[in-house]
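Q: What follows is the file query36.pdb, containing PDB, C-alpha atoms:
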```
ATOM      1  CA  MET H 272     -10.829 -18.718  12.890
ATOM      2  CA  SER H 273     -14.307 -19.432  11.651
ATOM      3  CA  SER H 274     -15.560 -17.966   8.427
ATOM      4  CA  ARG H 275     -17.806 -14.886   8.563
ATOM      5  CA  PRO H 276     -19.599 -12.981   5.816
ATOM      6  CA  PHE H 277     -17.972  -9.735   4.703
ATOM      7  CA  THR H 278     -21.217  -7.830   4.179
ATOM      8  CA  PHE H 279     -20.189  -5.286   6.816
ATOM      9  CA  ILE H 280     -17.002  -4.445   4.910
ATOM     10  CA  VAL H 281     -18.427  -3.693   1.484
ATOM     11  CA  PRO H 282     -20.968  -1.060   2.627
ATOM     12  CA  ALA H 283     -18.242   0.607   4.677
ATOM     13  CA  VAL H 284     -15.969   1.075   1.683
ATOM     14  CA  LEU H 285     -18.812   2.096  -0.606
ATOM     15  CA  ALA H 286     -19.831   4.686   1.977
ATOM     16  CA  ILE H 287     -16.287   6.082   1.843
ATOM     17  CA  VAL H 288     -16.428   6.150  -1.960
ATOM     18  CA  VAL H 289     -19.676   8.117  -1.902
ATOM     19  CA  ALA H 290     -18.432  10.446   0.824
ATOM     20  CA  ILE H 291     -15.348  11.492  -1.150
ATOM     21  CA  GLY H 292     -17.458  12.491  -4.111
ATOM     22  CA  ILE H 293     -17.223   9.647  -6.605
ATOM     23  CA  ALA H 294     -20.403   9.401  -8.641
ATOM     24  CA  PRO H 295     -21.100   7.473 -11.852
ATOM     25  CA  SER H 296     -21.399  10.701 -13.831
ATOM     26  CA  ARG H 297     -18.264  12.375 -12.466
ATOM     27  CA  VAL H 298     -16.056  11.633 -15.474
ATOM     28  CA  GLU H 299     -18.020  10.246 -18.378
ATOM     29  CA  GLY H 300     -16.472   7.355 -20.241
ATOM     30  CA  GLN H 301     -13.585   6.804 -17.837
ATOM     31  CA  ALA H 302     -14.923   4.009 -15.649
ATOM     32  CA  ARG H 303     -14.730   0.465 -16.971
ATOM     33  CA  PRO H 304     -17.217  -1.973 -15.452
ATOM     34  CA  ALA H 305     -16.329  -5.549 -14.632
ATOM     35  CA  SER H 306     -18.374  -6.632 -17.650
ATOM     36  CA  ALA H 307     -15.699  -5.110 -19.886
ATOM     37  CA  GLY H 308     -13.452  -8.066 -19.076
ATOM     38  CA  ILE H 309     -11.551  -6.419 -16.234
ATOM     39  CA  PRO H 310     -10.543  -8.790 -13.405
ATOM     40  CA  ASP H 311     -12.417  -8.372 -10.133
ATOM     41  CA  LEU H 312      -9.936  -7.908  -7.283
ATOM     42  CA  THR H 313     -12.609  -7.812  -4.585
ATOM     43  CA  GLY H 314     -11.827 -10.057  -1.635
ATOM     44  CA  LEU H 315      -9.605 -10.651   1.363
ATOM     45  CA  TRP H 316      -5.912 -10.827   0.483
ATOM     46  CA  ASP H 317      -2.552 -11.093   2.229
ATOM     47  CA  GLY H 318       0.972 -10.304   1.075
ATOM     48  CA  ALA H 319       2.023 -13.834   1.931
ATOM     49  CA  GLY H 320       4.969 -13.496  -0.406
ATOM     50  CA  GLY H 321       5.900 -10.161   1.130
ATOM     51  CA  THR H 322       8.915  -9.071   3.059
ATOM     52  CA  SER H 323       9.835  -7.285   6.267
ATOM     53  CA  ASP H 324      13.391  -6.708   4.983
ATOM     54  CA  ILE H 325      13.437  -5.467   1.398
ATOM     55  CA  VAL H 326      17.228  -5.134   1.206
ATOM     56  CA  GLN H 327      17.702  -8.796   2.141
ATOM     57  CA  THR H 328      14.936  -9.914  -0.213
ATOM     58  CA  MET H 329      16.596  -8.096  -3.102
ATOM     59  CA  LYS H 330      19.981  -9.639  -2.219
ATOM     60  CA  VAL H 331      18.496 -13.136  -2.249
ATOM     61  CA  ARG H 332      17.243 -12.359  -5.743
ATOM     62  CA  GLY H 333      20.698 -11.220  -6.821
ATOM     63  CA  GLN H 334      19.844  -7.522  -6.823
ATOM     64  CA  GLU H 335      20.816  -4.477  -4.796
ATOM     65  CA  VAL H 336      18.767  -1.532  -3.616
ATOM     66  CA  PRO H 337      20.407   1.440  -5.421
ATOM     67  CA  PHE H 338      20.864   3.757  -2.445
ATOM     68  CA  THR H 339      22.261   7.249  -2.874
ATOM     69  CA  PRO H 340      25.043   8.084  -0.372
ATOM     70  CA  HIS H 341      22.395   9.851   1.721
ATOM     71  CA  GLY H 342      20.030   6.888   1.511
ATOM     72  CA  ALA H 343      22.777   4.415   2.423
ATOM     73  CA  GLU H 344      23.814   6.514   5.400
ATOM     74  CA  ARG H 345      20.268   6.799   6.667
ATOM     75  CA  TYR H 346      19.722   3.064   6.248
ATOM     76  CA  LYS H 347      22.988   2.221   8.013
ATOM     77  CA  ASN H 348      22.219   4.456  10.993
ATOM     78  CA  VAL H 349      18.500   3.790  11.368
ATOM     79  CA  ASP H 350      17.097   3.919  14.889
ATOM     80  CA  TYR H 351      14.682   1.018  15.336
ATOM     81  CA  SER H 352      13.014   2.723  18.270
ATOM     82  CA  LYS H 353      11.601   5.189  15.752
ATOM     83  CA  ASN H 354       9.754   2.509  13.797
ATOM     84  CA  PRO H 355       6.563   4.363  12.764
ATOM     85  CA  ASN H 356       4.414   1.264  13.296
ATOM     86  CA  GLY H 357       5.699   0.959  16.848
ATOM     87  CA  LEU H 358       4.596   4.549  17.390
ATOM     88  CA  CYS H 359       1.115   3.707  16.067
ATOM     89  CA  LEU H 360       1.529   5.726  12.869
ATOM     90  CA  PRO H 361       0.064   4.551   9.524
ATOM     91  CA  PRO H 362       2.365   2.204   7.570
ATOM     92  CA  GLY H 363       2.083   3.893   4.176
ATOM     93  CA  PRO H 364       0.767   2.202   1.015
ATOM     94  CA  SER H 365       3.866   0.122   0.268
ATOM     95  CA  ARG H 366       4.457  -1.407   3.693
ATOM     96  CA  ALA H 367       0.730  -1.997   4.159
ATOM     97  CA  LEU H 368       0.724  -4.274   1.100
ATOM     98  CA  THR H 369       4.121  -5.966   1.333
ATOM     99  CA  GLY H 370       3.876  -6.678   5.062
ATOM    100  CA  PRO H 371       2.202  -9.677   6.704
ATOM    101  CA  SER H 372      -1.197  -8.157   7.572
ATOM    102  CA  PRO H 373      -4.305  -8.964   5.500
ATOM    103  CA  PHE H 374      -6.403  -6.410   3.664
ATOM    104  CA  PHE H 375      -9.782  -6.355   1.959
ATOM    105  CA  ILE H 376     -10.184  -4.947  -1.574
ATOM    106  CA  VAL H 377     -13.525  -3.600  -2.762
ATOM    107  CA  GLN H 378     -13.638  -2.823  -6.472
ATOM    108  CA  HIS H 379     -15.973  -0.190  -7.902
ATOM    109  CA  GLY H 380     -16.217   1.243 -11.404
ATOM    110  CA  GLN H 381     -14.929   4.634 -10.281
ATOM    111  CA  ALA H 382     -12.520   3.613  -7.516
ATOM    112  CA  LEU H 383     -10.886   0.738  -5.718
ATOM    113  CA  GLY H 384     -10.869   0.761  -1.926
ATOM    114  CA  ILE H 385      -8.461  -1.169   0.268
ATOM    115  CA  LEU H 386      -9.232  -1.761   3.949
ATOM    116  CA  PHE H 387      -6.101  -2.678   5.894
ATOM    117  CA  GLU H 388      -6.078  -4.633   9.127
ATOM    118  CA  ASN H 389      -2.782  -2.876   9.836
ATOM    119  CA  HIS H 390      -3.825   0.164  11.909
ATOM    120  CA  ASN H 391      -7.432  -0.075  10.697
ATOM    121  CA  ILE H 392      -6.755   2.343   7.845
ATOM    122  CA  TYR H 393      -8.031   2.549   4.293
ATOM    123  CA  ARG H 394      -6.757   3.575   0.892
ATOM    124  CA  ILE H 395      -8.674   4.873  -2.134
ATOM    125  CA  ILE H 396      -7.350   4.396  -5.675
ATOM    126  CA  TYR H 397      -9.286   6.645  -8.050
ATOM    127  CA  LEU H 398     -10.211   5.079 -11.394
ATOM    128  CA  ASP H 399     -12.363   7.869 -12.832
ATOM    129  CA  GLY H 400      -9.677   9.609 -14.871
ATOM    130  CA  ARG H 401      -8.967  12.455 -12.468
ATOM    131  CA  PRO H 402      -5.378  13.769 -12.194
ATOM    132  CA  HIS H 403      -3.456  14.261  -8.992
ATOM    133  CA  PRO H 404      -4.414  17.529  -7.224
ATOM    134  CA  GLU H 405      -2.259  20.436  -8.334
ATOM    135  CA  ASP H 406      -1.484  21.327  -4.720
ATOM    136  CA  ILE H 407      -0.690  17.762  -3.647
ATOM    137  CA  ALA H 408       2.862  18.692  -2.600
ATOM    138  CA  GLU H 409       1.434  21.098  -0.031
ATOM    139  CA  TYR H 410      -0.625  18.386   1.675
ATOM    140  CA  SER H 411       1.532  15.276   1.907
ATOM    141  CA  THR H 412      -0.026  12.377   3.802
ATOM    142  CA  PHE H 413       0.889   8.944   5.124
ATOM    143  CA  MET H 414      -1.002   7.125   2.359
ATOM    144  CA  GLY H 415      -0.519   9.656  -0.444
ATOM    145  CA  HIS H 416      -2.831  10.222  -3.405
ATOM    146  CA  SER H 417      -3.397   7.321  -5.809
ATOM    147  CA  ILE H 418      -4.859   7.241  -9.310
ATOM    148  CA  GLY H 419      -5.119   4.115 -11.425
ATOM    149  CA  LYS H 420      -5.989   2.789 -14.855
ATOM    150  CA  TRP H 421      -6.393  -0.615 -16.410
ATOM    151  CA  GLU H 422      -3.862  -1.867 -18.925
ATOM    152  CA  GLY H 423      -5.416  -5.092 -20.112
ATOM    153  CA  ASP H 424      -5.740  -7.366 -17.088
ATOM    154  CA  THR H 425      -3.410  -5.237 -14.933
ATOM    155  CA  LEU H 426      -4.319  -2.309 -12.702
ATOM    156  CA  VAL H 427      -1.542   0.300 -12.840
ATOM    157  CA  VAL H 428      -1.476   2.783  -9.947
ATOM    158  CA  ASP H 429       0.475   6.015  -9.602
ATOM    159  CA  THR H 430       0.930   7.402  -6.066
ATOM    160  CA  ILE H 431       2.486  10.699  -4.997
ATOM    161  CA  GLY H 432       1.955  13.175  -2.165
ATOM    162  CA  LEU H 433       3.531  10.930   0.471
ATOM    163  CA  ASN H 434       5.101  12.354   3.585
ATOM    164  CA  ASP H 435       8.498  11.091   4.774
ATOM    165  CA  ARG H 436       7.255   9.640   8.065
ATOM    166  CA  THR H 437       6.805   6.020   6.977
ATOM    167  CA  TRP H 438       9.220   3.155   6.332
ATOM    168  CA  LEU H 439       9.043   1.011   3.211
ATOM    169  CA  ASP H 440       9.528  -2.148   5.268
ATOM    170  CA  SER H 441      10.011  -3.225   8.895
ATOM    171  CA  ASN H 442      13.792  -2.969   8.730
ATOM    172  CA  GLY H 443      14.277   0.780   8.563
ATOM    173  CA  MET H 444      14.133   1.628   4.856
ATOM    174  CA  GLU H 445      13.204   5.297   4.808
ATOM    175  CA  HIS H 446      12.280   7.625   1.953
ATOM    176  CA  SER H 447      11.694  11.308   1.228
ATOM    177  CA  GLU H 448       8.584  13.243   0.236
ATOM    178  CA  LYS H 449       9.735  12.951  -3.381
ATOM    179  CA  LEU H 450       8.885   9.236  -3.368
ATOM    180  CA  ARG H 451       6.668   8.104  -6.240
ATOM    181  CA  LEU H 452       5.179   4.629  -6.316
ATOM    182  CA  THR H 453       4.121   2.848  -9.482
ATOM    183  CA  GLU H 454       2.214  -0.321  -8.636
ATOM    184  CA  ARG H 455       0.888  -3.063 -10.875
ATOM    185  CA  PHE H 456      -1.812  -5.482  -9.702
ATOM    186  CA  GLN H 457      -2.107  -8.425 -12.086
ATOM    187  CA  LYS H 458      -4.608 -11.123 -11.164
ATOM    188  CA  VAL H 459      -2.952 -14.252 -12.520
ATOM    189  CA  SER H 460      -5.467 -16.690 -11.013
ATOM    190  CA  PRO H 461      -8.604 -16.530  -8.842
ATOM    191  CA  ASP H 462      -6.450 -16.756  -5.720
ATOM    192  CA  LEU H 463      -3.267 -14.938  -6.727
ATOM    193  CA  ILE H 464      -2.280 -11.365  -7.587
ATOM    194  CA  LYS H 465       1.186 -10.569  -8.889
ATOM    195  CA  TYR H 466       2.062  -7.276  -7.216
ATOM    196  CA  THR H 467       4.910  -5.204  -8.637
ATOM    197  CA  VAL H 468       5.947  -1.898  -7.093
ATOM    198  CA  THR H 469       8.548   0.523  -8.442
ATOM    199  CA  TYR H 470      10.119   2.971  -5.987
ATOM    200  CA  ASP H 471      11.289   6.268  -7.459
ATOM    201  CA  ASP H 472      12.905   8.657  -4.963
ATOM    202  CA  PRO H 473      15.934  10.679  -6.164
ATOM    203  CA  VAL H 474      16.832  11.618  -2.586
ATOM    204  CA  PHE H 475      17.257   8.034  -1.353
ATOM    205  CA  PHE H 476      17.803   6.018  -4.566
ATOM    206  CA  THR H 477      20.034   6.607  -7.594
ATOM    207  CA  LYS H 478      17.405   5.194  -9.953
ATOM    208  CA  PRO H 479      13.915   3.676  -9.842
ATOM    209  CA  TRP H 480      13.906   0.025  -8.751
ATOM    210  CA  THR H 481      11.280  -2.680  -8.524
ATOM    211  CA  LEU H 482      10.072  -5.309  -6.064
ATOM    212  CA  THR H 483       7.626  -8.086  -6.987
ATOM    213  CA  ILE H 484       5.689 -10.270  -4.550
ATOM    214  CA  ASP H 485       2.709 -12.607  -4.624
ATOM    215  CA  ILE H 486      -0.511 -11.553  -2.933
ATOM    216  CA  LYS H 487      -2.711 -14.518  -2.056
ATOM    217  CA  LYS H 488      -6.422 -14.731  -1.360
ATOM    218  CA  VAL H 489      -7.315 -15.597   2.229
ATOM    219  CA  THR H 490     -10.297 -17.762   3.221
ATOM    220  CA  ASN H 491     -11.936 -18.957   6.435
ATOM    221  CA  THR H 492     -10.974 -15.820   8.336
ATOM    222  CA  ARG H 493     -11.779 -12.125   8.560
ATOM    223  CA  LEU H 494     -10.171  -8.768   9.279
ATOM    224  CA  ILE H 495      -9.505  -8.247  12.983
ATOM    225  CA  GLU H 496      -9.869  -4.838  14.582
ATOM    226  CA  TYR H 497      -6.419  -3.316  15.132
ATOM    227  CA  VAL H 498      -6.346  -0.420  17.600
ATOM    228  CA  CYS H 499      -2.672   0.243  18.121
ATOM    229  CA  LEU H 500      -2.990   2.905  20.808
ATOM    230  CA  ASP H 501      -5.163   0.576  22.878
ATOM    231  CA  ASN H 502      -2.936  -2.476  22.663
ATOM    232  CA  GLU H 503       0.691  -1.497  21.912
ATOM    233  CA  LYS H 504       2.652  -3.286  24.635
ATOM    234  CA  ASP H 505       6.192  -2.335  23.627
ATOM    235  CA  ARG H 506       6.066   1.456  23.395
ATOM    236  CA  GLU H 507       7.547   1.818  26.881
ATOM    237  CA  ASN H 508      10.452  -0.392  25.818
ATOM    238  CA  LEU H 509      11.348   1.603  22.710
ATOM    239  CA  VAL H 510      14.839   2.927  23.352
ATOM    240  CA  PRO H 511      17.406   4.078  20.758
ATOM    241  CA  THR H 512      18.548   0.941  18.911
ATOM    242  CA  THR H 513      20.932   1.040  15.943
ATOM    243  CA  ARG H 514      21.339  -1.473  13.195
TER     244      ARG H 514
END
```
Any chance you could give the structure as structure tokens?

A:
Amino acid sequence: MSSRPFTFIVPAVLAIVVAIGIAPSRVEGQARPASAGIPDLTGLWDGAGGTSDIVQTMKVRGQEVPFTPHGAERYKNVDYSKNPNGLCLPPGPSRALTGPSPFFIVQHGQALGILFENHNIYRIIYLDGRPHPEDIAEYSTFMGHSIGKWEGDTLVVDTIGLNDRTWLDSNGMEHSEKLRLTERFQKVSPDLIKYTVTYDDPVFFTKPWTLTIDIKKVTNTRLIEYVCLDNEKDRENLVPTTR
């Protein structure tokens, strides 16, 4: 594909940031501008080092996903026809980053926005010092609620309030609404982010466990519009399919 400017993307994300009520004076002293030595993550990225099968990836690395008996049973008996992506549902924050689709990050002093090609959805990570909403458990969502802070050159993000309707990968790894994600974005070079995510879900896993992948900058291309309901060819073929 030919290269195109991304000027249409940045205003879109900034408009979202303004619309959800982030203003420079919202929480005094919490935002840290790029001039403070914080890496700028803005740009088009892809989880090129990602995985569609987390269990197999962990095995290759000599590790096991610590399933509870319930989690292991659910994983063993997954029905692939119920793949949320195949049903045009949002992928959730983990799968959106570790999967093969690109995404555009726009960094702002008070928030970081991520525009995903996957299902044309977005994610906001608040950086203004706010806590999670007290009633977050009453309003679980596909993408959850994310707050972040900088620890040196690494952005650390805490996400809760996730519903249980997404998979963590493309191979049927489910989770409960108790899932908590702790993500670390470390920009190790201009073109590479080390992404580390810890999954903590006492319903599906006996202990928190961690996956690390490389996220690479993408050039000479752009985000493509993804309208699942307008172009999903396989929905009529989705029949119960076990592992």

Q: For each of H:Tyr351, H:Ala343, H:Phe375, H:Leu450, take the minimum atom-to-atom distance to Thr490 (chain H), counting all atoms listed in the file, then give the residue where this is smallest.

A: H:Phe375

Q: How many Å separate CA of Pro371 (chain H) from CA of Ile495 (chain H)?

A: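 CA of Pro371 (chain H) sits 13.4 Å away from CA of Ile495 (chain H).
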
Q: CA of Thr513 (chain H) to CA of Asn391 (chain H): how many Å, to one decimal?

A: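 Calculated distance between CA of Thr513 (chain H) and CA of Asn391 (chain H) is 28.9 Å.
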
Q: Identify which of the residues H:Glu496, H:Lys465, H:Gly308, H:His390 lies closest to Leu358 (chain H), counting only C-alpha atoms when measuring atom-to-atom distances.

A: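 Using only C-alpha atoms, Leu358 (chain H) sits closest to H:His390.
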
Q: Around (-5.4, -15.5, -4.8) in the file's frame, which residues reach within 7 Å when counting all atoms listed in the file? Return as a ChimeraX atom specification?

A: /H:460-464,486-488

Q: Given the file shown, enumerate the residues that the PyMOL selection byres ((chain H and resi 478) around 12) captures and present them as a VMD selection string.

A: chain H and resid 335 to 339 342 450 to 451 469 to 477 479 to 481

Q: Could you give me, as a list in words, the residues within 8 Å of region 310-320 of chain H, counting all atoms listed in the file and dropping anything in the same chain fewer than 2 positions from it?

A: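 Neighbouring residues, sequence-local ones excluded: Ala305, Gly308, Thr322, Leu368, Thr369, Gly370, Pro371, Ser372, Pro373, Phe374, Phe375, Ile376, Val377, Gln378, Asp424, Lys458, Ile484, Asp485, Ile486, Lys487, Lys488, Val489, Thr490 and Arg493 of chain H.
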
Q: Could you list, as a list of chain:residue names, every residue within 9 Å of Pro511 (chain H), counting only C-alpha atoms and ignoring same-chain residues fewer than 5 positions away?

A: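 What passes the distance filter is H:Asp350, H:Tyr351, H:Ser352, H:Lys353.
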
Q: May I ask for the distance between CA of Leu383 (chain H) and CA of Asn442 (chain H), given in Å to one decimal place?

A: 28.8 Å

Q: Name the residues in contact with Pro355 (chain H) at a cut-off of 10 Å, using only C-alpha atoms, excluding same-chain residues fewer than 4 positions from it; report them as a PyMOL selection string.

A: chain H and resi 351+359-363+436-438+441+443
